[in-house]
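Chemist: Mind having a look at this structure? Questions to follow.
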Number of protein chains: 2
Amino acid sequence: MSPDLELIQGFDPRTGEPAGEPVGSLSLSAVKQAVDEASEAFEQWRGFDRAAALDAIAAKLDEHVDELVETADRETALGRTRLTGEVGRTTGQLRLFSQVLRNGTYQDTVIEHAEGARPDLRRINRPIGPVAVFAASNFPFAFSVAGGDTASALAAGCPVIVKAHEAHPRTSKLTAELVLEALADVGAPRGVFGIVFGREAGAQLVQQPAIAGVGFTGSARGGLALAKLCAERPDPIPFYGELGSTNPVIVLPGAVSARGSEIAAGYAGSLTLGSGQFCTNPGIMFVPEDAAFLDAVAEAVSGTVGAPMLAERIHGGLVAGVEELAAVPGVRLLAEGKPGEGPWASTPAVYVVSDADFRANAEQLREEHFGPVGLVVTYPADRQPDVDGVSEGNLTATIHLDSENGRDVAAAREVLPELERIAGRIVFNGWPTGVAVTHAQHHGGPFPATTAPAHTSVGSAAIRRWLVPVAYQDAPAALLPAALRD
Amino acid sequence: MSPDLELIQGFDPRTGEPAGEPVGSLSLSAVKQAVDEASEAFEQWRGFDRAAALDAIAAKLDEHVDELVETADRETALGRTRLTGEVGRTTGQLRLFSQVLRNGTYQDTVIEHAEGARPDLRRINRPIGPVAVFAASNFPFAFSVAGGDTASALAAGCPVIVKAHEAHPRTSKLTAELVLEALADVGAPRGVFGIVFGREAGAQLVQQPAIAGVGFTGSARGGLALAKLCAERPDPIPFYGELGSTNPVIVLPGAVSARGSEIAAGYAGSLTLGSGQFCTNPGIMFVPEDAAFLDAVAEAVSGTVGAPMLAERIHGGLVAGVEELAAVPGVRLLAEGKPGEGPWASTPAVYVVSDADFRANAEQLREEHFGPVGLVVTYPADRQPDVDGVSEGNLTATIHLDSENGRDVAAAREVLPELERIAGRIVFNGWPTGVAVTHAQHHGGPFPATTAPAHTSVGSAAIRRWLVPVAYQDAPAALLPAALRD
């Protein structure tokens, strides 16, 4: 390794001390080589039994779940229960995509026989080419090396090169080794999967001519910088970024009457889950002006405890953001939880502001706080809640209503068109932090939630990001893909 | 009108003289007003009987076909036969999308009932919002004011503001008036359709906060400038641009033996159709080294006659490009047709180069020439044709083969993976210049053919550009869109 290469050191968030040996970043020539190998593997991977390969990766990860969880817990402090569940979610995703491949509808085939002057036309989806995947900090498995972007791209027929996240290098390295082992076991072509470490290697990766698309989950700043590199290539390529979301929640008066304390408890749980480090964290909640309900929220949040955050930088960002939030006119602290343990631990907190003050300072107040910190916006209970001022782009929006209450239903109907415009998923009487990995899921939304509002990064439709159509006009049967023959 | 506004003057390509009165460009405040009206119309248009509205627009245009053709012929010199056909294609497109709406599958609904811990999740497509459409020079109807982008966006539920092309202002104005009349007749909300004139108005249009997506057909330079404006907005929006394509054609030796003169004639016809002003014009053709076949190509092209081009600028661009092409080492003129009449008329021409010389100067030789000018690349008949060096992004690629000839079939099979990688549509034993408007069509391709390779601008799938999914989690039936209820 040349001496100017970066060393990626993971840290134990519980102590702030280094966690295991560092992993070296890749040189430009090593990045180029990984991309060359991915390119060479492309045609063979298109024809490979990819469903079997995805199943093999899932089985290999399941087999090593203890080792994976132990490594990740040391680097992320997310806890064994959560991390074990996340490995299961990750292998479930891989198996979902092997089902998608066996089902075949992802190919979206259309066959039109010649008629009159119209030629015979048949269309099918093909893989876009080698893909770069940028792993997220907050899901060391499900949105990381073998996560949803990787699973969906491999399923589509695209070789994948992952840029590992700096917050969990050893987890990334171990996962990559297991993926490579599983692929070798089933005889997959060399180069179908690769991994690079280091920001500079990531920037170089998206600029390689053979890279045909990019998946990214992370901060708006990092995502926009990579999006710019993709847009400024001689041949711009699609950049599918999931960047940030404040996930507005609207609590209607009937819901408060019917189950106020349940909502308060659910909110505190959703806000502080995983130390608040979810892209679907409920950042802004609109509630009727109701002292008892605010008390219930305050009490629920006071009962929570913070936890180590993923990285010193993430903790520092939260602390700075909260200081700015607290200083905005009209904003006051409603309640705080207990601080977590360790040098980078969060302290859950909820601030409150009137809807008039919220709209007056919306630019500042709609900023995302990555962590267990929420803003409650109160509106007069005899008026419609007004979400003007929240971000125009969210992964989710949530409505709590009493479905038996006509006024609640009418109010929900009134606000729905606006929520549909600004969010990819509308949750009713629940919390946004759980994201089911299914066919109907849409984990997306207008900018800044994502850079590609027509696409999802969770669920089976995520494969569409890596597919492009090709139409065959008057093709001899022998030259048609099998799925397009009569 | 304020005095600093641009006057958009159309010209008669047959004489170079002004054609009718100029049309004034729009001021920034008028652009803003059009966008405000489009925004206000959005919700009402989502719920409107859009199929009836599209049918009404189609009927209105058909009713005025003579007036439309006369106006367009004066501004484009494309001839009454072609233009009458193009109005038919345009109204056919509008009716295709009214069928798409009545069929309903464009909503791509998925319903998953709750199961175990998994919530009830239902997904449906919704319109992205008000859309800007940039009309093309070369199709004054089918890719212009009421063309495929407008039809598909209106169908999706998006209000549309068209930026008219400078080459046919009066045709654009007349079409817009007819569209507005038809929409008023069926009681569509004011603001659902608008039109702006002038480049500056177009640039301002894509920067308006309420514009949610852009469709564009035109030059790479113009398209990339607008794509940049879209990417640099505070909230970047999707830009669907169709920019340029050289549409490689590969003629295999067996095809030459079986029907060489038919291929030569077909090539000359496709190359010179509409004065070569098609994005699917066959710009580069690979043929075996076969003197008799080259003679047949030369003879066929010599028998063609040029025609007035759409605009002085387009004619100037072709002349300059051909000068550069002719000066590349190894390139020689194979044949010329007769010059057309008028100041901006093209002269059809075909140049020839060996495949070795082609690859040595590929950067220059793969430039698109918008007009009836082609490059023939010869390859040794005992070798595979090698398309290395052609552009990486094309709307089409074409193979001429003798399907009964085993060597041709093997050669086609060999080159197909590469063609699938670089082109959106593969044509067999035909020519790329006809583009059927159907469900299976894919009129797209990697950059620079388009800026969004997963999407088509022709055929029913074009509606997908203007749709984004929204998922409903555990929604009460009363609040679900009708199509998502049990």
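Convention: chains lettered A, B, ... in structure tokens order; per-chain residue numbering from 1; ligands numbered from 1 as shown.
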Using DSSP assignments from the backbone, pull out every residue in range 129-318 of chain B that falls under helix (DSSP H, G or I) and give it to me as a ChimeraX atom specification.
Modeler: /B:148-156,169-185,199-207,220-231,253-276,291-302,312-318
Chemist: List as CSV every residue of chain B that is in contact with chain A, defined as an atom at most 6 Å from one of its atoms (using only C-alpha atoms), together with the nearest atom pair and the distance in Å rounded to one decimal, sorted by chain and then rising number.
Modeler:
```
residue,atom,partner,partner_atom,distance
B:Val110,CA,A:Ala440,CA,5.3
B:Leu121,CA,A:Ala440,CA,5.9
B:Arg122,CA,A:Ala440,CA,5.5
B:Arg123,CA,A:Ala440,CA,5.3
B:Asp235,CA,A:Phe447,CA,5.8
B:Gly424,CA,A:Val470,CA,4.8
B:Arg425,CA,A:Ala471,CA,4.5
B:Ile426,CA,A:Tyr472,CA,4.9
B:Val427,CA,A:Gln473,CA,4.7
B:Phe428,CA,A:Ala475,CA,5.4
B:Ala440,CA,A:Val110,CA,5.3
B:His442,CA,A:Ala471,CA,5.6
B:Phe447,CA,A:Asp235,CA,5.8
B:Ala454,CA,A:Val468,CA,4.4
B:Val468,CA,A:Ala454,CA,4.4
B:Val470,CA,A:Gly424,CA,4.8
B:Ala471,CA,A:Arg425,CA,4.5
B:Tyr472,CA,A:Ile426,CA,4.9
B:Gln473,CA,A:Val427,CA,4.7
B:Asp474,CA,A:Phe428,CA,5.5
B:Ala475,CA,A:Phe428,CA,5.4
```
Chemist: Residues at most 12 Å from Val31 in chain A, counting only C-alpha atoms, excluding those fewer than 3 positions away in the same chain, as an MDAnalysis selection string?
Modeler: chainID A and resid 25:28 34:38 132 161:163 191 194:211
Chemist: How would the residues just picked look written out with N, CA and C atoms as a tab-separated table (two decimals), in the first residue's frame?
Modeler:
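Written out: part09.tsv:
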```
chain	number	residue	atom	x	y	z
A	25	SER	N	-7.43	2.37	2.56
A	25	SER	CA	-8.21	2.82	1.40
A	25	SER	C	-7.58	2.26	0.14
A	26	LEU	N	-8.29	2.38	-0.99
A	26	LEU	CA	-7.77	1.86	-2.25
A	26	LEU	C	-7.13	2.97	-3.06
A	27	SER	N	-6.08	2.62	-3.77
A	27	SER	CA	-5.46	3.56	-4.70
A	27	SER	C	-6.34	3.67	-5.95
A	28	LEU	N	-6.09	4.73	-6.74
A	28	LEU	CA	-6.85	4.91	-7.97
A	28	LEU	C	-6.71	3.69	-8.87
A	34	ALA	N	-10.84	-2.78	-10.03
A	34	ALA	CA	-12.13	-3.34	-9.59
A	34	ALA	C	-13.21	-3.08	-10.64
A	35	VAL	N	-13.18	-1.87	-11.22
A	35	VAL	CA	-14.19	-1.53	-12.23
A	35	VAL	C	-13.95	-2.33	-13.51
A	36	ASP	N	-12.68	-2.51	-13.88
A	36	ASP	CA	-12.38	-3.33	-15.06
A	36	ASP	C	-12.92	-4.75	-14.87
A	37	GLU	N	-12.69	-5.30	-13.69
A	37	GLU	CA	-13.17	-6.67	-13.43
A	37	GLU	C	-14.70	-6.72	-13.44
A	38	ALA	N	-15.32	-5.69	-12.92
A	38	ALA	CA	-16.79	-5.64	-12.94
A	38	ALA	C	-17.30	-5.61	-14.38
A	132	ALA	N	-22.16	1.42	-8.74
A	132	ALA	CA	-21.48	1.77	-7.48
A	132	ALA	C	-22.52	1.97	-6.39
A	161	ILE	N	-19.89	-2.54	-7.12
A	161	ILE	CA	-18.74	-2.16	-6.30
A	161	ILE	C	-19.25	-1.25	-5.19
A	162	VAL	N	-19.05	-1.72	-3.95
A	162	VAL	CA	-19.52	-0.97	-2.80
A	162	VAL	C	-18.43	-0.04	-2.31
A	163	LYS	N	-18.81	1.18	-1.98
A	163	LYS	CA	-17.92	2.05	-1.22
A	163	LYS	C	-18.37	1.93	0.24
A	191	GLY	N	-15.22	-10.56	-10.15
A	191	GLY	CA	-15.43	-9.15	-10.50
A	191	GLY	C	-16.88	-8.72	-10.35
A	194	GLY	N	-17.29	-6.10	-5.66
A	194	GLY	CA	-16.04	-5.55	-5.17
A	194	GLY	C	-16.34	-4.52	-4.09
A	195	ILE	N	-15.29	-4.13	-3.37
A	195	ILE	CA	-15.49	-3.13	-2.32
A	195	ILE	C	-14.31	-2.18	-2.33
A	196	VAL	N	-14.59	-0.90	-2.09
A	196	VAL	CA	-13.52	0.08	-1.94
A	196	VAL	C	-13.73	0.83	-0.63
A	197	PHE	N	-12.64	1.31	-0.08
A	197	PHE	CA	-12.67	2.04	1.19
A	197	PHE	C	-12.09	3.42	0.97
A	198	GLY	N	-12.67	4.41	1.62
A	198	GLY	CA	-12.10	5.76	1.58
A	198	GLY	C	-12.90	6.69	0.67
A	199	ARG	N	-13.02	7.95	1.13
A	199	ARG	CA	-13.84	8.91	0.38
A	199	ARG	C	-13.28	9.18	-1.01
A	200	GLU	N	-11.96	9.31	-1.09
A	200	GLU	CA	-11.35	9.61	-2.38
A	200	GLU	C	-11.61	8.47	-3.36
A	201	ALA	N	-11.50	7.23	-2.86
A	201	ALA	CA	-11.79	6.08	-3.72
A	201	ALA	C	-13.24	6.11	-4.19
A	202	GLY	N	-14.15	6.54	-3.31
A	202	GLY	CA	-15.55	6.65	-3.69
A	202	GLY	C	-15.77	7.68	-4.78
A	203	ALA	N	-15.11	8.83	-4.65
A	203	ALA	CA	-15.24	9.87	-5.66
A	203	ALA	C	-14.69	9.40	-7.00
A	204	GLN	N	-13.57	8.66	-6.92
A	204	GLN	CA	-13.00	8.14	-8.17
A	204	GLN	C	-13.90	7.08	-8.79
A	205	LEU	N	-14.51	6.30	-7.92
A	205	LEU	CA	-15.37	5.21	-8.40
A	205	LEU	C	-16.48	5.73	-9.32
A	206	VAL	N	-17.21	6.78	-8.89
A	206	VAL	CA	-18.35	7.23	-9.69
A	206	VAL	C	-17.92	7.90	-10.99
A	207	GLN	N	-16.62	8.21	-11.10
A	207	GLN	CA	-16.14	8.84	-12.33
A	207	GLN	C	-15.57	7.84	-13.32
A	208	GLN	N	-15.52	6.57	-12.97
A	208	GLN	CA	-14.99	5.57	-13.90
A	208	GLN	C	-15.99	5.38	-15.05
A	209	PRO	N	-15.48	5.42	-16.30
A	209	PRO	CA	-16.39	5.35	-17.45
A	209	PRO	C	-17.32	4.14	-17.43
A	210	ALA	N	-16.88	3.00	-16.91
A	210	ALA	CA	-17.72	1.80	-16.99
A	210	ALA	C	-18.82	1.77	-15.94
A	211	ILE	N	-18.75	2.64	-14.94
A	211	ILE	CA	-19.83	2.67	-13.94
A	211	ILE	C	-21.07	3.31	-14.58
```
Chemist: How many Å lie between CA of Ala136 in chain A and CA of Glu75 in chain A, rounded to one decimal?
Modeler: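 Pair CA of Ala136 in chain A / CA of Glu75 in chain A returns 13.4 Å.
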Chemist: Grab the CA of Ile8 in chain B to CA of Ala220 in chain B distance for me, in Å with one decimal place.
Modeler: 21.9 Å
